[in-house]
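Undergrad: Quick one: structure below, then a few questions.
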Amino acid sequence: MKTITNTRVKTITDTALKTTTNTRLVSLDVFRGITIAGMTLVNNPGSWAHIYWPLEHAEWSGWTPTDLVFPFFVFIVGVAIPLAFARRVEAGGTKRDLYWKIIRRTLIILAVAMLLAGFPRYNLSTIRIPGVLQRLAICYLVASIIYLKTRPRTQIIISLALLILYCVVMTNFAAPGFPPGDLSKEGSLASFVDRTVFGPHVWSQAKVYDPEGLLSTIPAICTALFGVLAGQWLRTDKTDYEKVAGLFFAGACCIVIGWAWNPFFPINKALWTSSFVFFTGGMALQFLAFCYWLIDIHRIKAWSKPFVVFGVNAIALYVGSGLMERLLGLIKISQSDGNQTSLGSWIYQHAFLSWLSPINASLGFAIAFVLVWLGLMWILYWRKIYIRI
């Protein structure tokens with residue numbers, strides 16, 4: 001059996017981080033932790049009717065800080081690919097080992113995603129098929145294979161080609177009954193594909209499209225490839241300050257491209273437009289650069305411990321918090337008037353709404369939810385339990 005060092009994958013050990021292979025890139029854990037904490041915060045308000053605007057998604061085109069959360073997570077998945085694969089290679093892994101790891105991890109994430117999507121009733125006639133974890137799994141699978149098969153220059157070409165092709169298709173082809181280039185919720189080509197392929201198995205709140213749909217997963221793969229390129233850049237023999245400068249510069253260029261593309265193909269998370277990929281990818285590059293500069297270069301990291309705790313068990317936090325949110329809605333509490341309310345609503349009303357305005361009570365509930373999970377994740381971290389897929 002040929003070892004991985006006799007193939008294209010040899011390039012992932014040609015250069016190395018200045019840290020040892022057993023040392024995690026702390027800035028990436030912090031970045032991941034901040035992202036998953038933000039995702040948990042925005043997914044669990046006390047009341048969906050009372051939310052501060054930065055914690056809401058844009059209605060359609062445009063963006064809010066919340067719209068950065070998911071693309072940041074996809075980007076981080078990409079950054080981790082060259083770092084994790086390099087450690088495996090340096091430990092003596094083979095090409096076959098890596099491909100098996102990719103397939104195994106993808107299947108496990110998809111299985112967990114479907115278990116979470118159907119919980120607790122598993123109504124197969126309406127269960128949502130696309131979703132956050134499903135998109136992460138597909139992006140991880142495709143980006144990993146592209147990374148192992150190609151060099152950075154080719155990865156850039158693939159990303160640009162896919163983003164340009166997606167833009168051309170979305171702005172020039174028509175869904176039946178709608179004009180060419182319609183980018184509305186009902187009329188976009190991506191929405192039509194979701195309705196045709198998935199039928200009733202889309203996000204129930206959207207009904208006519210899915211924000212993690214089939215066609216829009218193609219540009220999401222490019223977001224992961226942006227991360228792959230950043231991860232490879234961090235593994236070069238450049239100085240730390242050259243790495244930071246490179247990330248900042250690349251991020252600035254991506255943001256400019258995203259804004260320049262916006263008038264022609266608007267920034268839109270649900271459609272994951274090409275302008276959205278460049279804009280959010282640029283923001284992610286700059287945020288990673290900032291974390292790397294602050295934590296890995298200047299060692300200013302005392303503040304970051306909670307986010308490290310979240311970051312090393314990010315998938316466990318996402319799945320666990322999702323299950324808790326469902327349970328808080330399912331468990332019913334009898335009230336003094338004889339009516340029943342969900343446990344989540346009861347906690348919101350009695351612990352927060354009783355002394356705060358509705359919008360602050362909703363925010364307080366969300367913060368408390370995050371803090372509860374910080375305590376649970378800290379127990380795992382203290383016991384050195386890392387739930388990885």
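Every chain in the structure tokens has a letter given in the order shown (A, B, ...), and although residue numbers restart at 1 in each chain, ligands are simply numbered from 1 in the order shown.
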Taking 3 positions as the minimum chain separation for residues in the same chain, which residues sit within 7 Å of Cys139 of chain A when counting only C-alpha atoms? Answer as a list in words.
TA: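 The contact residues come out as Arg135, Leu136, Val142, Ala143, Ala220, Ile221 and Ala224 of chain A.
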Undergrad: Quick one: contact table of segment 260-372 of chain A to segment 242-255 of chain A, 6 Å max, nearest atom pair and distance in Å to one decimal per residue, counting only C-alpha atoms, chain and number order, as CSV?
TA:
residue,atom,partner,partner_atom,distance
A:Phe278,CA,A:Cys254,CA,4.9
A:Phe279,CA,A:Ile255,CA,4.4
A:Gly282,CA,A:Gly251,CA,3.7
A:Leu285,CA,A:Gly251,CA,4.9
A:Gln286,CA,A:Phe248,CA,4.9
A:Ala289,CA,A:Val244,CA,5.1
Undergrad: Save the residues we just selected, N, CA and C atoms, as a CSV table (one decimal), in the first residue's frame?
TA:
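Output below, filename part-v1.csv:
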chain,number,residue,atom,x,y,z
A,278,PHE,N,-18.5,36.0,-1.0
A,278,PHE,CA,-17.3,36.8,-0.9
A,278,PHE,C,-17.4,37.8,0.3
A,279,PHE,N,-18.5,38.3,0.6
A,279,PHE,CA,-18.6,39.3,1.7
A,279,PHE,C,-18.4,38.5,3.0
A,282,GLY,N,-14.9,37.2,3.3
A,282,GLY,CA,-13.9,38.3,3.7
A,282,GLY,C,-14.0,38.6,5.2
A,285,LEU,N,-12.3,35.8,7.1
A,285,LEU,CA,-10.8,35.9,7.0
A,285,LEU,C,-10.3,37.0,8.0
A,286,GLN,N,-10.9,38.1,8.0
A,286,GLN,CA,-10.5,39.2,8.9
A,286,GLN,C,-10.6,38.8,10.4
A,289,ALA,N,-8.0,36.4,11.3
A,289,ALA,CA,-6.7,37.1,11.4
A,289,ALA,C,-6.6,37.8,12.7
Undergrad: Using DSSP on the backbone, list every residue of segment 94-259 of chain A that comes out as alpha helix (DSSP H), and give them as a ChimeraX atom specification.
TA: /A:95-118,132-149,152-172,189-198,217-234,240-259
Undergrad: Write out as a VMD selection string each polymer residue whose atoms come within 10 Å of Pro176 of chain A, counting only C-alpha atoms; drop sequence neighbours fewer than 4 positions from it.
TA: chain A and resid 180 187 to 189 192
Undergrad: Taking 2 positions as the minimum chain separation for residues in the same chain, which residues sit within 8 Å of segment 29-45 of chain A when counting only C-alpha atoms? Answer as a ChimeraX atom specification.
TA: /A:24-27,47-48,51,55-56,66,69-70,72-73,76,287-288,291,304-312,314,317-318,321,325,362-363,365-367,369-370
Undergrad: Just write the chosen residues, C-alpha atoms, as a short mmCIF file (atom, residue, chain, number, x, y, z; two decimals), in the first residue's frame.
TA:
data_model
loop_
_atom_site.label_atom_id
_atom_site.label_comp_id
_atom_site.auth_asym_id
_atom_site.auth_seq_id
_atom_site.Cartn_x
_atom_site.Cartn_y
_atom_site.Cartn_z
CA ARG A 24 -4.22 22.98 18.54
CA LEU A 25 -4.52 26.36 16.90
CA VAL A 26 -6.16 28.12 19.83
CA SER A 27 -7.39 31.04 17.74
CA SER A 47 -39.92 34.95 22.41
CA TRP A 48 -39.56 35.08 18.64
CA ILE A 51 -35.80 40.14 19.30
CA LEU A 55 -30.09 38.83 16.51
CA GLU A 56 -32.50 38.38 13.59
CA THR A 66 -26.78 36.92 12.63
CA VAL A 69 -22.89 33.00 11.93
CA PHE A 70 -23.55 30.04 9.62
CA PHE A 72 -18.45 31.53 9.56
CA PHE A 73 -19.07 27.97 10.73
CA ILE A 76 -14.14 27.19 9.97
CA PHE A 287 -11.95 37.80 12.09
CA LEU A 288 -9.64 34.77 11.93
CA CYS A 291 -8.03 36.05 16.62
CA SER A 304 -11.16 33.50 25.54
CA LYS A 305 -11.46 30.48 27.85
CA PRO A 306 -15.28 30.19 27.61
CA PHE A 307 -15.05 30.19 23.83
CA VAL A 308 -12.34 27.52 23.85
CA VAL A 309 -14.70 25.42 26.00
CA PHE A 310 -17.43 25.89 23.41
CA GLY A 311 -15.10 25.50 20.45
CA VAL A 312 -13.66 22.09 21.29
CA ALA A 314 -19.03 22.64 19.02
CA LEU A 317 -23.25 21.95 21.80
CA TYR A 318 -25.24 22.39 18.59
CA SER A 321 -28.89 22.71 22.59
CA GLU A 325 -34.87 23.63 22.76
CA SER A 362 -36.27 37.50 25.50
CA LEU A 363 -32.58 38.41 25.36
CA PHE A 365 -33.61 34.02 28.35
CA ALA A 366 -31.25 33.50 25.41
CA ILE A 367 -28.20 34.54 27.45
CA PHE A 369 -29.63 29.40 27.81
CA VAL A 370 -26.07 29.98 26.58
#
Undergrad: Can you list, as a PyMOL selection string, every protein, DNA or RNA residue that comes within 9 Å of Leu328 of chain A when you count only C-alpha atoms, leaving out same-chain residues fewer than 5 positions away?
TA: chain A and resi 323+342-345
Undergrad: Please produce a file of those selected residues containing C-alpha atoms, as a PDB file, in the first residue's frame.
TA:
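Okay, this is what ended up in again33.pdb:
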ATOM      1  CA  LEU A 323     -32.579  18.828  21.634  1.00  0.00           C
ATOM      2  CA  SER A 342     -44.565  24.995  27.354  1.00  0.00           C
ATOM      3  CA  LEU A 343     -41.781  24.758  29.902  1.00  0.00           C
ATOM      4  CA  GLY A 344     -39.740  27.224  27.852  1.00  0.00           C
ATOM      5  CA  SER A 345     -42.537  29.793  27.822  1.00  0.00           C
TER       6      SER A 345
END
Undergrad: Which residue is closest to Gly131 of chain A? Choose from A:Val202, A:Leu162, A:Ile331, A:Ile146 and count only C-alpha atoms.
TA: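 With only C-alpha atoms as the atom set, the closest residue is A:Val202.
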Undergrad: Using only C-alpha atoms, can you tell me which of A:Lys332, A:Gly338, A:Trp63, A:Leu229 comes closest to Arg153 of chain A?
TA: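 Among A:Lys332, A:Gly338, A:Trp63, A:Leu229, it is A:Leu229 that comes nearest to Arg153 of chain A.
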